[in-house]
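So this block is protein34.cif, mmCIF, C-alpha atoms and all ligand atoms:
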data_data
loop_
_atom_site.label_atom_id
_atom_site.label_comp_id
_atom_site.auth_asym_id
_atom_site.auth_seq_id
_atom_site.Cartn_x
_atom_site.Cartn_y
_atom_site.Cartn_z
CA MET U 1 3.30 -7.19 5.41
CA THR U 2 1.11 -4.94 7.54
CA ALA U 3 -1.43 -7.76 7.79
CA ALA U 4 1.27 -10.21 8.95
CA VAL U 5 2.54 -7.77 11.60
CA GLU U 6 -0.97 -7.04 12.84
CA ARG U 7 -1.78 -10.74 13.12
CA ALA U 8 1.39 -11.32 15.15
CA ILE U 9 0.88 -8.35 17.46
CA THR U 10 -2.80 -8.89 18.22
CA ALA U 11 -2.19 -12.56 19.08
CA ALA U 12 1.14 -11.95 20.86
CA ARG U 13 0.15 -13.97 23.94
CA THR U 14 -1.25 -16.93 22.01
CA ILE U 15 1.85 -17.02 19.82
CA ARG U 16 4.21 -17.02 22.81
CA ALA U 17 2.11 -19.58 24.66
CA SER U 18 2.29 -21.82 21.57
CA ASN U 19 6.06 -21.33 21.27
CA ALA U 20 5.43 -20.08 17.75
CA GLN U 21 7.49 -16.87 17.90
CA GLU U 22 10.06 -18.10 15.37
CA ARG U 23 7.50 -19.34 12.87
CA GLU U 24 5.51 -16.10 13.16
CA SER U 25 8.70 -13.98 12.84
CA ALA U 26 9.60 -16.03 9.78
CA GLY U 27 6.13 -15.27 8.38
CA VAL U 28 6.61 -11.54 8.91
CA ALA U 29 10.15 -11.75 7.46
CA ALA U 30 8.82 -13.58 4.39
CA ALA U 31 6.17 -10.90 3.91
CA ALA U 32 8.87 -8.23 4.27
CA ARG U 33 11.03 -10.02 1.70
CA ALA U 34 8.10 -10.24 -0.71
CA ALA U 35 7.50 -6.49 -0.28
CA PHE U 36 11.23 -5.88 -0.79
CA THR U 37 11.31 -8.00 -3.98
CA SER U 38 8.28 -6.18 -5.37
CA GLY U 39 9.88 -2.83 -4.51
CA LEU U 40 13.06 -3.92 -6.27
CA ARG U 41 11.12 -4.92 -9.38
CA VAL U 42 9.40 -1.54 -9.47
CA ALA U 43 12.76 0.23 -9.07
CA ARG U 44 14.26 -1.89 -11.87
CA LEU U 45 11.40 -1.14 -14.25
CA ARG U 46 11.62 2.57 -13.39
CA ALA U 47 15.39 2.51 -14.00
CA LEU U 48 14.74 0.93 -17.40
CA VAL U 49 11.95 3.23 -18.55
CA GLY U 50 13.86 6.50 -17.91
CA PRO U 51 17.05 5.67 -19.86
CA ALA U 52 15.03 3.92 -22.57
CA ALA U 53 13.06 7.11 -23.13
CA THR U 54 16.24 9.21 -23.24
CA ALA U 55 17.91 6.72 -25.60
CA ALA U 56 14.89 6.83 -27.91
CA VAL U 57 15.02 10.62 -28.05
CA GLN U 58 18.79 10.64 -28.66
CA GLY U 59 18.32 8.01 -31.36
CA ALA U 60 15.70 10.16 -33.04
CA PHE U 61 18.22 13.03 -33.03
CA LEU U 62 20.86 10.87 -34.68
CA VAL U 63 18.42 9.72 -37.38
CA VAL U 64 17.26 13.29 -38.07
CA VAL U 65 20.80 14.63 -38.25
CA GLY U 66 21.92 11.67 -40.39
CA ILE U 67 19.07 11.73 -42.93
CA GLY U 68 18.82 15.56 -42.84
CA GLY U 69 22.60 15.83 -43.37
CA THR U 70 22.43 13.56 -46.43
CA ARG U 71 19.51 15.54 -47.86
CA VAL U 72 21.32 18.83 -47.32
CA ALA U 73 24.36 17.29 -49.05
CA THR U 74 22.26 16.24 -52.06
CA GLY U 75 20.56 19.67 -52.09
CA SER U 76 16.95 18.45 -51.48
CA LEU U 77 16.80 20.26 -48.10
CA THR U 78 18.07 23.69 -47.09
CA ILE U 79 20.32 23.93 -44.05
CA GLY U 80 17.75 26.34 -42.50
CA ASP U 81 14.97 23.74 -42.74
CA LEU U 82 17.17 21.14 -41.08
CA VAL U 83 18.10 23.51 -38.21
CA ALA U 84 14.41 24.38 -37.74
CA PHE U 85 13.48 20.70 -37.65
CA VAL U 86 16.17 19.92 -35.10
CA LEU U 87 14.94 22.80 -32.92
CA PHE U 88 11.38 21.49 -33.09
CA LEU U 89 12.68 18.13 -32.01
CA PHE U 90 14.29 19.84 -28.99
CA PHE U 91 10.91 21.23 -27.98
CA LEU U 92 9.43 17.76 -28.29
CA VAL U 93 11.86 16.10 -25.86
CA MET U 94 10.41 17.53 -22.64
CA PRO U 95 6.72 16.76 -23.28
CA LEU U 96 7.64 13.30 -24.55
CA GLY U 97 9.48 12.52 -21.31
CA GLN U 98 6.53 13.82 -19.33
CA ALA U 99 4.11 11.69 -21.29
CA ILE U 100 6.16 8.56 -20.57
CA ASN U 101 6.28 9.48 -16.89
CA ALA U 102 2.54 10.06 -16.80
CA TYR U 103 1.94 6.66 -18.39
CA THR U 104 4.05 4.93 -15.71
CA GLN U 105 2.17 6.73 -12.95
CA LEU U 106 -1.16 5.89 -14.56
CA GLN U 107 -0.28 2.18 -14.55
CA THR U 108 0.70 2.28 -10.87
CA GLY U 109 -2.57 4.04 -10.06
CA LEU U 110 -4.62 1.55 -12.06
CA GLY U 111 -3.04 -1.30 -10.10
CA ALA U 112 -4.14 0.26 -6.81
CA LEU U 113 -7.58 1.07 -8.25
CA GLN U 114 -8.11 -2.57 -9.19
CA ARG U 115 -7.66 -3.63 -5.57
CA MET U 116 -10.04 -0.92 -4.39
CA GLU U 117 -12.62 -2.06 -6.92
CA GLU U 118 -12.38 -5.61 -5.60
CA VAL U 119 -13.40 -4.27 -2.19
CA LEU U 120 -16.09 -1.96 -3.59
CA ASP U 121 -17.57 -4.87 -5.55
CA LEU U 122 -18.30 -6.84 -2.38
CA PRO U 123 -22.04 -7.03 -1.76
CA ASP U 124 -23.37 -4.13 0.31
CA GLU U 125 -25.31 -4.80 3.51
CA GLU U 126 -28.06 -2.49 2.32
CA ALA U 127 -28.34 -4.04 -1.16
CA ALA U 128 -30.97 -6.60 -0.11
CA ASP U 129 -33.04 -4.09 1.90
CA ARG U 130 -36.64 -3.42 1.19
CA PRO U 131 -37.60 -1.37 4.24
CA ARG U 132 -41.20 -0.17 4.44
CA SER U 133 -41.94 3.15 6.04
CA ASP U 134 -45.40 2.09 7.21
CA THR U 135 -44.07 -0.66 9.51
CA GLU U 136 -43.66 -0.12 13.20
CA VAL U 137 -42.62 -2.53 15.92
CA SER U 138 -45.44 -3.35 18.27
CA ARG U 139 -45.19 -4.20 21.96
CA LEU U 140 -48.21 -6.49 21.52
CA ALA U 141 -46.40 -8.84 19.15
CA PRO U 142 -43.57 -11.09 20.42
CA ALA U 143 -40.29 -9.19 20.87
CA VAL U 144 -38.48 -11.80 18.78
CA GLU U 145 -40.13 -14.48 16.71
CA PHE U 146 -38.54 -17.21 14.57
CA ASP U 147 -41.00 -18.69 12.11
CA ARG U 148 -39.70 -21.89 10.47
CA VAL U 149 -36.30 -20.36 9.79
CA THR U 150 -33.79 -22.32 7.74
CA PHE U 151 -30.36 -20.85 7.24
CA ALA U 152 -27.02 -21.86 5.78
CA TYR U 153 -23.79 -19.88 5.67
CA PRO U 154 -22.60 -19.22 2.10
CA ASP U 155 -21.44 -22.49 0.49
CA GLY U 156 -22.35 -24.51 3.57
CA GLU U 157 -24.79 -27.05 4.89
CA PRO U 158 -27.88 -25.66 6.67
CA VAL U 159 -26.92 -24.58 10.19
CA LEU U 160 -30.52 -23.88 11.29
CA ARG U 161 -33.46 -25.99 10.11
CA GLU U 162 -37.11 -25.01 10.55
CA VAL U 163 -36.36 -23.14 13.77
CA SER U 164 -39.46 -21.65 15.41
CA PHE U 165 -39.82 -19.95 18.80
CA ARG U 166 -41.23 -16.77 20.33
CA VAL U 167 -39.83 -14.42 22.93
CA PRO U 168 -42.63 -12.32 24.46
CA TYR U 169 -41.76 -8.79 25.64
CA GLY U 170 -40.59 -8.58 29.22
CA THR U 171 -39.52 -12.21 29.50
CA ARG U 172 -36.24 -14.07 29.66
CA THR U 173 -35.56 -16.80 27.12
CA ALA U 174 -32.47 -18.99 27.31
CA LEU U 175 -31.01 -20.74 24.28
CA VAL U 176 -29.10 -23.87 25.22
CA GLY U 177 -27.51 -26.66 23.21
CA PRO U 178 -24.23 -28.37 22.48
CA SER U 179 -21.35 -26.44 20.94
CA GLY U 180 -21.99 -25.80 17.25
CA ALA U 181 -25.77 -26.24 17.61
CA GLY U 182 -26.38 -22.84 15.99
CA LYS U 183 -26.98 -20.64 19.03
CA SER U 184 -24.73 -17.72 18.08
CA THR U 185 -26.03 -18.00 14.52
CA THR U 186 -29.58 -17.48 15.82
CA LEU U 187 -28.59 -14.18 17.45
CA ALA U 188 -26.73 -13.11 14.29
CA LEU U 189 -29.97 -13.60 12.34
CA VAL U 190 -31.93 -11.41 14.78
CA GLU U 191 -29.31 -8.69 14.26
CA ARG U 192 -29.61 -9.39 10.52
CA PHE U 193 -25.92 -9.90 9.94
CA TYR U 194 -27.06 -12.60 7.51
CA GLU U 195 -30.22 -13.09 5.48
CA VAL U 196 -32.41 -16.07 6.34
CA GLY U 197 -32.81 -18.75 3.68
CA THR U 198 -36.48 -19.57 4.16
CA GLY U 199 -38.86 -18.58 6.94
CA THR U 200 -39.09 -15.27 8.73
CA VAL U 201 -37.45 -13.55 11.68
CA ARG U 202 -39.69 -10.91 13.26
CA VAL U 203 -38.84 -8.25 15.81
CA GLY U 204 -41.85 -6.60 17.44
CA GLY U 205 -44.04 -8.37 14.89
CA VAL U 206 -42.21 -6.93 11.86
CA ASP U 207 -40.17 -8.98 9.39
CA VAL U 208 -36.57 -7.82 9.97
CA ARG U 209 -36.19 -7.38 6.21
CA GLU U 210 -38.88 -4.71 6.27
CA LEU U 211 -37.32 -2.67 9.07
CA PRO U 212 -34.61 -0.16 8.24
CA ARG U 213 -31.39 -1.58 9.68
CA THR U 214 -30.74 1.37 12.01
CA GLU U 215 -34.27 1.06 13.41
CA LEU U 216 -33.88 -2.70 13.86
CA ARG U 217 -30.58 -2.31 15.70
CA ARG U 218 -32.00 0.45 17.89
CA GLN U 219 -34.39 -2.19 19.23
CA LEU U 220 -31.56 -4.58 20.00
CA GLY U 221 -28.54 -4.66 22.25
CA TYR U 222 -26.07 -7.38 21.38
CA VAL U 223 -23.25 -8.63 23.58
CA GLU U 224 -21.12 -11.01 21.59
CA GLN U 225 -19.61 -14.26 22.83
CA GLU U 226 -16.06 -12.84 22.79
CA ALA U 227 -17.21 -9.58 24.45
CA PRO U 228 -15.12 -7.34 22.21
CA VAL U 229 -13.54 -4.46 24.07
CA LEU U 230 -11.77 -1.86 21.95
CA ALA U 231 -8.34 -0.46 22.74
CA GLY U 232 -8.77 2.91 24.42
CA THR U 233 -10.27 4.15 27.66
CA ILE U 234 -13.23 2.82 29.64
CA ARG U 235 -15.09 5.94 28.60
CA ASP U 236 -14.42 5.32 24.87
CA ASN U 237 -15.70 1.78 25.22
CA LEU U 238 -18.90 2.74 26.94
CA ARG U 239 -19.65 5.65 24.64
CA LEU U 240 -19.53 3.50 21.52
CA THR U 241 -23.33 3.18 21.59
CA VAL U 242 -24.17 6.65 22.94
CA PRO U 243 -21.41 9.12 21.99
CA ASP U 244 -22.72 11.96 24.15
CA ALA U 245 -23.46 10.06 27.37
CA THR U 246 -22.62 12.01 30.53
CA ASP U 247 -20.21 10.70 33.19
CA ALA U 248 -23.15 10.25 35.57
CA GLN U 249 -24.83 7.92 33.05
CA LEU U 250 -21.59 5.99 32.62
CA HIS U 251 -21.27 5.53 36.37
CA THR U 252 -24.88 4.32 36.57
CA VAL U 253 -24.40 1.56 33.99
CA LEU U 254 -21.07 0.55 35.53
CA ALA U 255 -22.79 0.23 38.89
CA ALA U 256 -25.56 -1.84 37.29
CA VAL U 257 -23.02 -4.46 36.22
CA ASN U 258 -21.01 -4.17 39.44
CA LEU U 259 -17.94 -2.67 37.77
CA THR U 260 -17.55 0.46 39.86
CA ASP U 261 -14.23 -0.82 41.21
CA ILE U 262 -12.46 -0.78 37.81
CA VAL U 263 -12.97 2.98 37.75
CA GLY U 264 -11.62 3.40 41.26
CA ARG U 265 -8.56 1.29 40.49
CA SER U 266 -6.72 4.02 38.61
CA PRO U 267 -6.46 7.74 39.40
CA LEU U 268 -7.47 8.28 35.78
CA GLY U 269 -10.93 6.87 36.52
CA LEU U 270 -13.01 6.58 33.37
CA ASP U 271 -9.97 7.63 31.35
CA ALA U 272 -7.98 4.54 32.35
CA GLN U 273 -6.80 2.49 29.38
CA VAL U 274 -8.17 -1.03 28.90
CA GLY U 275 -5.36 -2.17 26.61
CA GLU U 276 -5.37 -3.75 23.15
CA GLY U 277 -8.56 -5.87 23.00
CA GLY U 278 -9.10 -5.18 26.71
CA VAL U 279 -6.09 -7.25 27.92
CA LEU U 280 -5.82 -5.12 31.07
CA LEU U 281 -9.22 -6.41 32.23
CA SER U 282 -10.24 -9.88 33.37
CA GLY U 283 -12.48 -12.00 31.15
CA GLY U 284 -15.48 -11.41 33.40
CA GLU U 285 -14.79 -7.66 33.52
CA ARG U 286 -14.61 -7.52 29.73
CA GLN U 287 -17.97 -9.25 29.47
CA ARG U 288 -19.54 -6.94 32.03
CA LEU U 289 -18.05 -3.85 30.35
CA ALA U 290 -19.61 -5.03 27.09
CA ILE U 291 -22.97 -5.45 28.87
CA ALA U 292 -22.64 -1.97 30.42
CA ARG U 293 -22.01 -0.54 26.96
CA THR U 294 -25.18 -2.17 25.68
CA LEU U 295 -27.21 -1.01 28.70
CA LEU U 296 -26.23 2.59 28.05
CA ALA U 297 -28.26 2.58 24.85
CA ALA U 298 -31.20 1.09 26.78
CA PRO U 299 -32.50 -1.11 23.95
CA PRO U 300 -35.85 -2.84 24.58
CA ILE U 301 -34.43 -6.25 23.60
CA LEU U 302 -31.12 -7.64 24.77
CA LEU U 303 -29.27 -10.44 22.99
CA LEU U 304 -26.57 -11.90 25.17
CA ASP U 305 -24.07 -14.59 24.22
CA GLU U 306 -22.78 -15.79 27.57
CA PRO U 307 -19.04 -16.31 27.75
CA THR U 308 -17.97 -19.94 27.56
CA SER U 309 -14.64 -19.34 29.23
CA ASN U 310 -14.49 -20.33 32.86
CA LEU U 311 -15.12 -17.46 35.20
CA ASP U 312 -14.12 -17.66 38.81
CA ALA U 313 -16.93 -17.83 41.37
CA ARG U 314 -16.75 -14.13 42.20
CA ASN U 315 -16.79 -13.04 38.55
CA GLU U 316 -19.58 -15.45 37.76
CA ALA U 317 -21.68 -14.13 40.63
CA ALA U 318 -21.04 -10.57 39.41
CA LEU U 319 -21.99 -11.49 35.85
CA ARG U 320 -25.10 -13.26 37.07
CA ALA U 321 -26.12 -10.24 39.17
CA ALA U 322 -25.56 -8.04 36.11
CA ILE U 323 -27.79 -10.27 34.00
CA ASP U 324 -30.50 -10.23 36.68
CA THR U 325 -30.44 -6.43 36.79
CA VAL U 326 -30.75 -6.37 33.03
CA ALA U 327 -33.53 -8.95 32.94
CA ALA U 328 -35.67 -6.86 35.25
CA ARG U 329 -35.90 -4.07 32.71
CA HIS U 330 -35.40 -5.67 29.33
CA THR U 331 -36.54 -8.53 27.17
CA LEU U 332 -33.70 -10.99 27.21
CA LEU U 333 -32.68 -13.62 24.68
CA ILE U 334 -29.63 -15.17 26.22
CA ILE U 335 -27.37 -18.01 25.15
CA ALA U 336 -26.73 -19.80 28.40
CA HIS U 337 -23.74 -21.91 29.27
CA ARG U 338 -24.52 -21.87 32.99
CA LEU U 339 -27.29 -23.58 34.82
CA SER U 340 -27.66 -20.55 37.09
CA THR U 341 -28.77 -18.55 34.05
CA VAL U 342 -31.28 -21.07 32.74
CA VAL U 343 -33.10 -22.13 35.90
CA ASP U 344 -34.75 -18.71 36.26
CA ALA U 345 -35.60 -18.35 32.57
CA ASP U 346 -39.25 -18.02 31.59
CA GLN U 347 -38.55 -20.24 28.62
CA ILE U 348 -35.68 -22.45 27.51
CA VAL U 349 -35.18 -23.33 23.86
CA VAL U 350 -33.02 -26.41 23.35
CA LEU U 351 -31.17 -26.44 20.03
CA ASP U 352 -29.41 -29.49 18.65
CA GLY U 353 -27.87 -29.73 15.20
CA GLY U 354 -29.75 -26.62 14.08
CA ARG U 355 -33.19 -27.87 15.19
CA VAL U 356 -35.33 -26.89 18.15
CA VAL U 357 -35.66 -30.19 20.01
CA ALA U 358 -37.50 -28.94 23.09
CA THR U 359 -39.00 -25.78 24.60
CA GLY U 360 -40.16 -25.23 28.14
CA ARG U 361 -39.14 -24.30 31.67
CA HIS U 362 -36.29 -25.90 33.55
CA ASP U 363 -38.39 -28.27 35.66
CA GLU U 364 -40.49 -29.32 32.64
CA LEU U 365 -37.48 -29.98 30.45
CA THR U 366 -35.62 -32.07 33.00
CA GLY U 367 -38.60 -34.42 32.75
CA THR U 368 -39.27 -34.30 29.00
CA SER U 369 -35.98 -33.69 27.19
CA PRO U 370 -33.17 -36.24 27.53
CA LEU U 371 -30.74 -33.84 25.82
CA TYR U 372 -31.61 -31.06 28.25
CA ARG U 373 -31.21 -33.40 31.18
CA GLU U 374 -27.80 -34.38 29.90
CA LEU U 375 -26.78 -30.77 29.26
CA ALA U 376 -27.95 -29.74 32.70
CA ALA U 377 -26.13 -32.63 34.29
CA HIS U 378 -22.83 -32.06 32.51
CA GLN U 379 -22.29 -29.07 30.27
CA LEU U 380 -24.38 -26.40 31.93
CA LEU U 381 -23.05 -27.19 35.34
CA VAL U 382 -19.37 -27.31 34.53
CA ALA U 383 -19.12 -24.65 31.80
N1 LIG U 401 -19.27 -17.22 9.84
C1 LIG U 401 -19.46 -18.54 9.63
N2 LIG U 401 -19.28 -19.07 8.40
C2 LIG U 401 -19.48 -20.39 8.19
N3 LIG U 401 -19.87 -21.26 9.13
C3 LIG U 401 -20.07 -20.79 10.37
C4 LIG U 401 -19.87 -19.40 10.68
N4 LIG U 401 -20.14 -19.23 12.00
C5 LIG U 401 -20.49 -20.44 12.48
N5 LIG U 401 -20.46 -21.38 11.50
C6 LIG U 401 -20.83 -22.80 11.65
O1 LIG U 401 -22.19 -22.86 12.03
C7 LIG U 401 -22.39 -23.85 13.03
C8 LIG U 401 -23.10 -23.23 14.22
O2 LIG U 401 -22.26 -22.25 14.81
P1 LIG U 401 -22.67 -21.34 16.03
O3 LIG U 401 -21.61 -20.32 16.20
O4 LIG U 401 -24.06 -20.84 15.83
O5 LIG U 401 -22.62 -22.41 17.23
P2 LIG U 401 -22.95 -22.20 18.76
O6 LIG U 401 -24.19 -22.98 19.04
O7 LIG U 401 -22.97 -20.74 19.10
O8 LIG U 401 -21.72 -22.93 19.47
P3 LIG U 401 -20.90 -22.51 20.81
O9 LIG U 401 -21.70 -22.99 21.97
O10 LIG U 401 -19.63 -23.29 20.69
O11 LIG U 401 -20.69 -21.03 20.80
C9 LIG U 401 -21.02 -24.42 13.35
O12 LIG U 401 -20.94 -25.69 12.73
C10 LIG U 401 -20.04 -23.45 12.76
O13 LIG U 401 -18.93 -24.13 12.25
MG MG U 402 -21.64 -19.48 20.09
#
Represent the supplied structure as structure tokens.
Amino acid sequence: MTAAVERAITAARTIRASNAQERESAGVAAAARAAFTSGLRVARLRALVGPAATAAVQGAFLVVVGIGGTRVATGSLTIGDLVAFVLFLFFLVMPLGQAINAYTQLQTGLGALQRMEEVLDLPDEEAADRPRSDTEVSRLAPAVEFDRVTFAYPDGEPVLREVSFRVPYGTRTALVGPSGAGKSTTLALVERFYEVGTGTVRVGGVDVRELPRTELRRQLGYVEQEAPVLAGTIRDNLRLTVPDATDAQLHTVLAAVNLTDIVGRSPLGLDAQVGEGGVLLSGGERQRLAIARTLLAAPPILLLDEPTSNLDARNEAALRAAIDTVAARHTLLIIAHRLSTVVDADQIVVLDGGRVVATGRHDELTGTSPLYRELAAHQLLVA
């Protein structure tokens, strides 16, 4: 039921916009009814167990008094022995009741434990690690290197096939391609959210499987496509990467992405709330806040999944300026949906259906790659 309520509340706008309030309310009501029915069943079973235990004890009394009475009548048992036996039985009643109670509680606990074990049995991120202490990222090697990488999501067709490219330190590489080409997947593999099938992903010349995960992620800053902003204050959001950052540092990164005005907007300043999922900010502001958060940690390599949603001209210019600031100081691997981002790139990697179909600079690719020409003409310009 909690899951149903959370789903409805987090997507409140989408649900209203889809006129789906009644269906979603019905879903929550159904979940509530299911919880109610389960609660009723538990109560019924409890109500049965208690009286059943008492009845069993009372029955035992009757049997003892009946058989004991007959034996006393026939003279095979003294009245004293019978009284003693009945008294012992009295002492037995309490612990017996407790034992039954304990058994019921144990069963309830085991039910909960089973669900926890299901979660604990899920494979651990660290399970496949084989970090080597003697490895160190090198600035002489490419910042990011894909070496004939093939990858499929669990139970799926390969999403990337034999993908190879290199991103030298200090350069800007743009990944372009049609929707579903595997661009976001490529960044997820650099972050090692998934394990590659065959081939190797290297960061600073080291196979990502040989780097401890914390070390790998210290090298990388990742701004996701949906630019997740957490409910809370601007300060909370920025400090996610660096918990002890000073206000001066926060103001510096906000200025770098041209977001100073969101702090001035409220008398609370950095303590202003951004709302559930950042609903109090515009789409472009969310994206820039996410970039500012990543900048705070100052990672050498930045992975940026450009937002696909349409930004207005002012927001787009601000985002573009933010990316330029970032590019000056970091190595950038950026998924580009805008021509403005790709024309300045040192290298453009064109992905189609999980394969690298062309690599080069903008003016080269417009001549050599029909797909790139088409993307540039339509998708990149309008997106
Ligand atoms: N977590 C996942 N599990 C299974 N399949 C996935 C998952 N994420 C993506 N896919 C599939 O992998 C393919 C590539 O997805 P990916 O997100 O890399 O595309 P993309 O190039 O980033 O597209 P877009 O430009 O629309 O963001 C798609 O066919 C998608 O359905
Ligand atoms: Mg994507």
**OP:** Around ligand LIG 401 (chain U), at most 6 Å away and counting all atoms listed in the file, which residues are there? Put them as an MDAnalysis selection string, please.
**Re:** chainID U and resid 153 159 178:185
Using 12 Å as the limit and counting all atoms listed in the file, can you tabulate each residue of chain U that touches ligand MG 402 (chain U), with its shortest atom-to-atom distance in Å and the two atoms involved, as a Markdown table?
| residue | atom | partner | partner_atom | distance |
| --- | --- | --- | --- | --- |
| U:Leu175 | CA | U:MG402 | MG | 10.3 |
| U:Val176 | CA | U:MG402 | MG | 10.1 |
| U:Gly177 | CA | U:MG402 | MG | 9.8 |
| U:Pro178 | CA | U:MG402 | MG | 9.6 |
| U:Ser179 | CA | U:MG402 | MG | 7.0 |
| U:Gly180 | CA | U:MG402 | MG | 6.9 |
| U:Ala181 | CA | U:MG402 | MG | 8.3 |
| U:Gly182 | CA | U:MG402 | MG | 7.1 |
| U:Lys183 | CA | U:MG402 | MG | 5.6 |
| U:Ser184 | CA | U:MG402 | MG | 4.1 |
| U:Thr185 | CA | U:MG402 | MG | 7.2 |
| U:Thr186 | CA | U:MG402 | MG | 9.2 |
| U:Leu187 | CA | U:MG402 | MG | 9.1 |
| U:Ala188 | CA | U:MG402 | MG | 10.0 |
| U:Val223 | CA | U:MG402 | MG | 11.5 |
| U:Glu224 | CA | U:MG402 | MG | 8.6 |
| U:Gln225 | CA | U:MG402 | MG | 6.2 |
| U:Glu226 | CA | U:MG402 | MG | 9.1 |
| U:Ala227 | CA | U:MG402 | MG | 11.7 |
| U:Leu304 | CA | U:MG402 | MG | 10.4 |
| U:Asp305 | CA | U:MG402 | MG | 6.8 |
| U:Glu306 | CA | U:MG402 | MG | 8.4 |
| U:Pro307 | CA | U:MG402 | MG | 8.7 |
| U:Thr308 | CA | U:MG402 | MG | 8.3 |
| U:Ser309 | CA | U:MG402 | MG | 11.5 |
| U:Ile334 | CA | U:MG402 | MG | 11.0 |
| U:Ile335 | CA | U:MG402 | MG | 7.8 |
| U:Ala336 | CA | U:MG402 | MG | 9.8 |
| U:His337 | CA | U:MG402 | MG | 9.7 |
| U:Leu351 | CA | U:MG402 | MG | 11.8 |
Dump of C-alpha atoms for the selected residues, as a PDB file, keeping the file's coordinate frame:
ATOM      1  CA  LEU U 175     -31.010 -20.740  24.280  1.00  0.00           C
ATOM      2  CA  VAL U 176     -29.100 -23.870  25.220  1.00  0.00           C
ATOM      3  CA  GLY U 177     -27.510 -26.660  23.210  1.00  0.00           C
ATOM      4  CA  PRO U 178     -24.230 -28.370  22.480  1.00  0.00           C
ATOM      5  CA  SER U 179     -21.350 -26.440  20.940  1.00  0.00           C
ATOM      6  CA  GLY U 180     -21.990 -25.800  17.250  1.00  0.00           C
ATOM      7  CA  ALA U 181     -25.770 -26.240  17.610  1.00  0.00           C
ATOM      8  CA  GLY U 182     -26.380 -22.840  15.990  1.00  0.00           C
ATOM      9  CA  LYS U 183     -26.980 -20.640  19.030  1.00  0.00           C
ATOM     10  CA  SER U 184     -24.730 -17.720  18.080  1.00  0.00           C
ATOM     11  CA  THR U 185     -26.030 -18.000  14.520  1.00  0.00           C
ATOM     12  CA  THR U 186     -29.580 -17.480  15.820  1.00  0.00           C
ATOM     13  CA  LEU U 187     -28.590 -14.180  17.450  1.00  0.00           C
ATOM     14  CA  ALA U 188     -26.730 -13.110  14.290  1.00  0.00           C
ATOM     15  CA  VAL U 223     -23.250  -8.630  23.580  1.00  0.00           C
ATOM     16  CA  GLU U 224     -21.120 -11.010  21.590  1.00  0.00           C
ATOM     17  CA  GLN U 225     -19.610 -14.260  22.830  1.00  0.00           C
ATOM     18  CA  GLU U 226     -16.060 -12.840  22.790  1.00  0.00           C
ATOM     19  CA  ALA U 227     -17.210  -9.580  24.450  1.00  0.00           C
ATOM     20  CA  LEU U 304     -26.570 -11.900  25.170  1.00  0.00           C
ATOM     21  CA  ASP U 305     -24.070 -14.590  24.220  1.00  0.00           C
ATOM     22  CA  GLU U 306     -22.780 -15.790  27.570  1.00  0.00           C
ATOM     23  CA  PRO U 307     -19.040 -16.310  27.750  1.00  0.00           C
ATOM     24  CA  THR U 308     -17.970 -19.940  27.560  1.00  0.00           C
ATOM     25  CA  SER U 309     -14.640 -19.340  29.230  1.00  0.00           C
ATOM     26  CA  ILE U 334     -29.630 -15.170  26.220  1.00  0.00           C
ATOM     27  CA  ILE U 335     -27.370 -18.010  25.150  1.00  0.00           C
ATOM     28  CA  ALA U 336     -26.730 -19.800  28.400  1.00  0.00           C
ATOM     29  CA  HIS U 337     -23.740 -21.910  29.270  1.00  0.00           C
ATOM     30  CA  LEU U 351     -31.170 -26.440  20.030  1.00  0.00           C
TER      31      LEU U 351
END
**OP:** Would you kindly return, as a ChimeraX atom specification, each protein, DNA or RNA residue with an atom no farther than 9 Å from any atom of stretch 1-15 of chain U, considering only C-alpha atoms and excluding same-chain residues fewer than 4 positions away?
**Re:** /U:19-21,24-25,27-32,34-35,276-277
Restricting it to C-alpha atoms, dump the selection as an mmCIF file, in the frame of the given file.
data_model
loop_
_atom_site.group_PDB
_atom_site.id
_atom_site.type_symbol
_atom_site.label_atom_id
_atom_site.label_comp_id
_atom_site.auth_asym_id
_atom_site.auth_seq_id
_atom_site.Cartn_x
_atom_site.Cartn_y
_atom_site.Cartn_z
ATOM 1 C CA ASN U 19 6.060 -21.330 21.270
ATOM 2 C CA ALA U 20 5.430 -20.080 17.750
ATOM 3 C CA GLN U 21 7.490 -16.870 17.900
ATOM 4 C CA GLU U 24 5.510 -16.100 13.160
ATOM 5 C CA SER U 25 8.700 -13.980 12.840
ATOM 6 C CA GLY U 27 6.130 -15.270 8.380
ATOM 7 C CA VAL U 28 6.610 -11.540 8.910
ATOM 8 C CA ALA U 29 10.150 -11.750 7.460
ATOM 9 C CA ALA U 30 8.820 -13.580 4.390
ATOM 10 C CA ALA U 31 6.170 -10.900 3.910
ATOM 11 C CA ALA U 32 8.870 -8.230 4.270
ATOM 12 C CA ALA U 34 8.100 -10.240 -0.710
ATOM 13 C CA ALA U 35 7.500 -6.490 -0.280
ATOM 14 C CA GLU U 276 -5.370 -3.750 23.150
ATOM 15 C CA GLY U 277 -8.560 -5.870 23.000
#
Using all atoms listed in the file, which residues of stretch 246-362 of chain U come within 8 Å of stretch 228-233 of chain U, and what is the closest atom pair for each, with the distance in Å to one decimal? Give it as a Markdown table, sorted by chain and residue number.
| residue | atom | partner | partner_atom | distance |
| --- | --- | --- | --- | --- |
| U:Leu270 | CA | U:Thr233 | CA | 6.8 |
| U:Asp271 | CA | U:Thr233 | CA | 5.1 |
| U:Ala272 | CA | U:Thr233 | CA | 5.2 |
| U:Gln273 | CA | U:Thr233 | CA | 4.2 |
| U:Val274 | CA | U:Thr233 | CA | 5.7 |
| U:Gly275 | CA | U:Ala231 | CA | 5.2 |
| U:Glu276 | CA | U:Ala231 | CA | 4.5 |
| U:Gly277 | CA | U:Leu230 | CA | 5.2 |
| U:Gly278 | CA | U:Val229 | CA | 5.2 |
| U:Arg286 | CA | U:Val229 | CA | 6.5 |
| U:Leu289 | CA | U:Val229 | CA | 7.8 |
| U:Ala290 | CA | U:Val229 | CA | 6.8 |
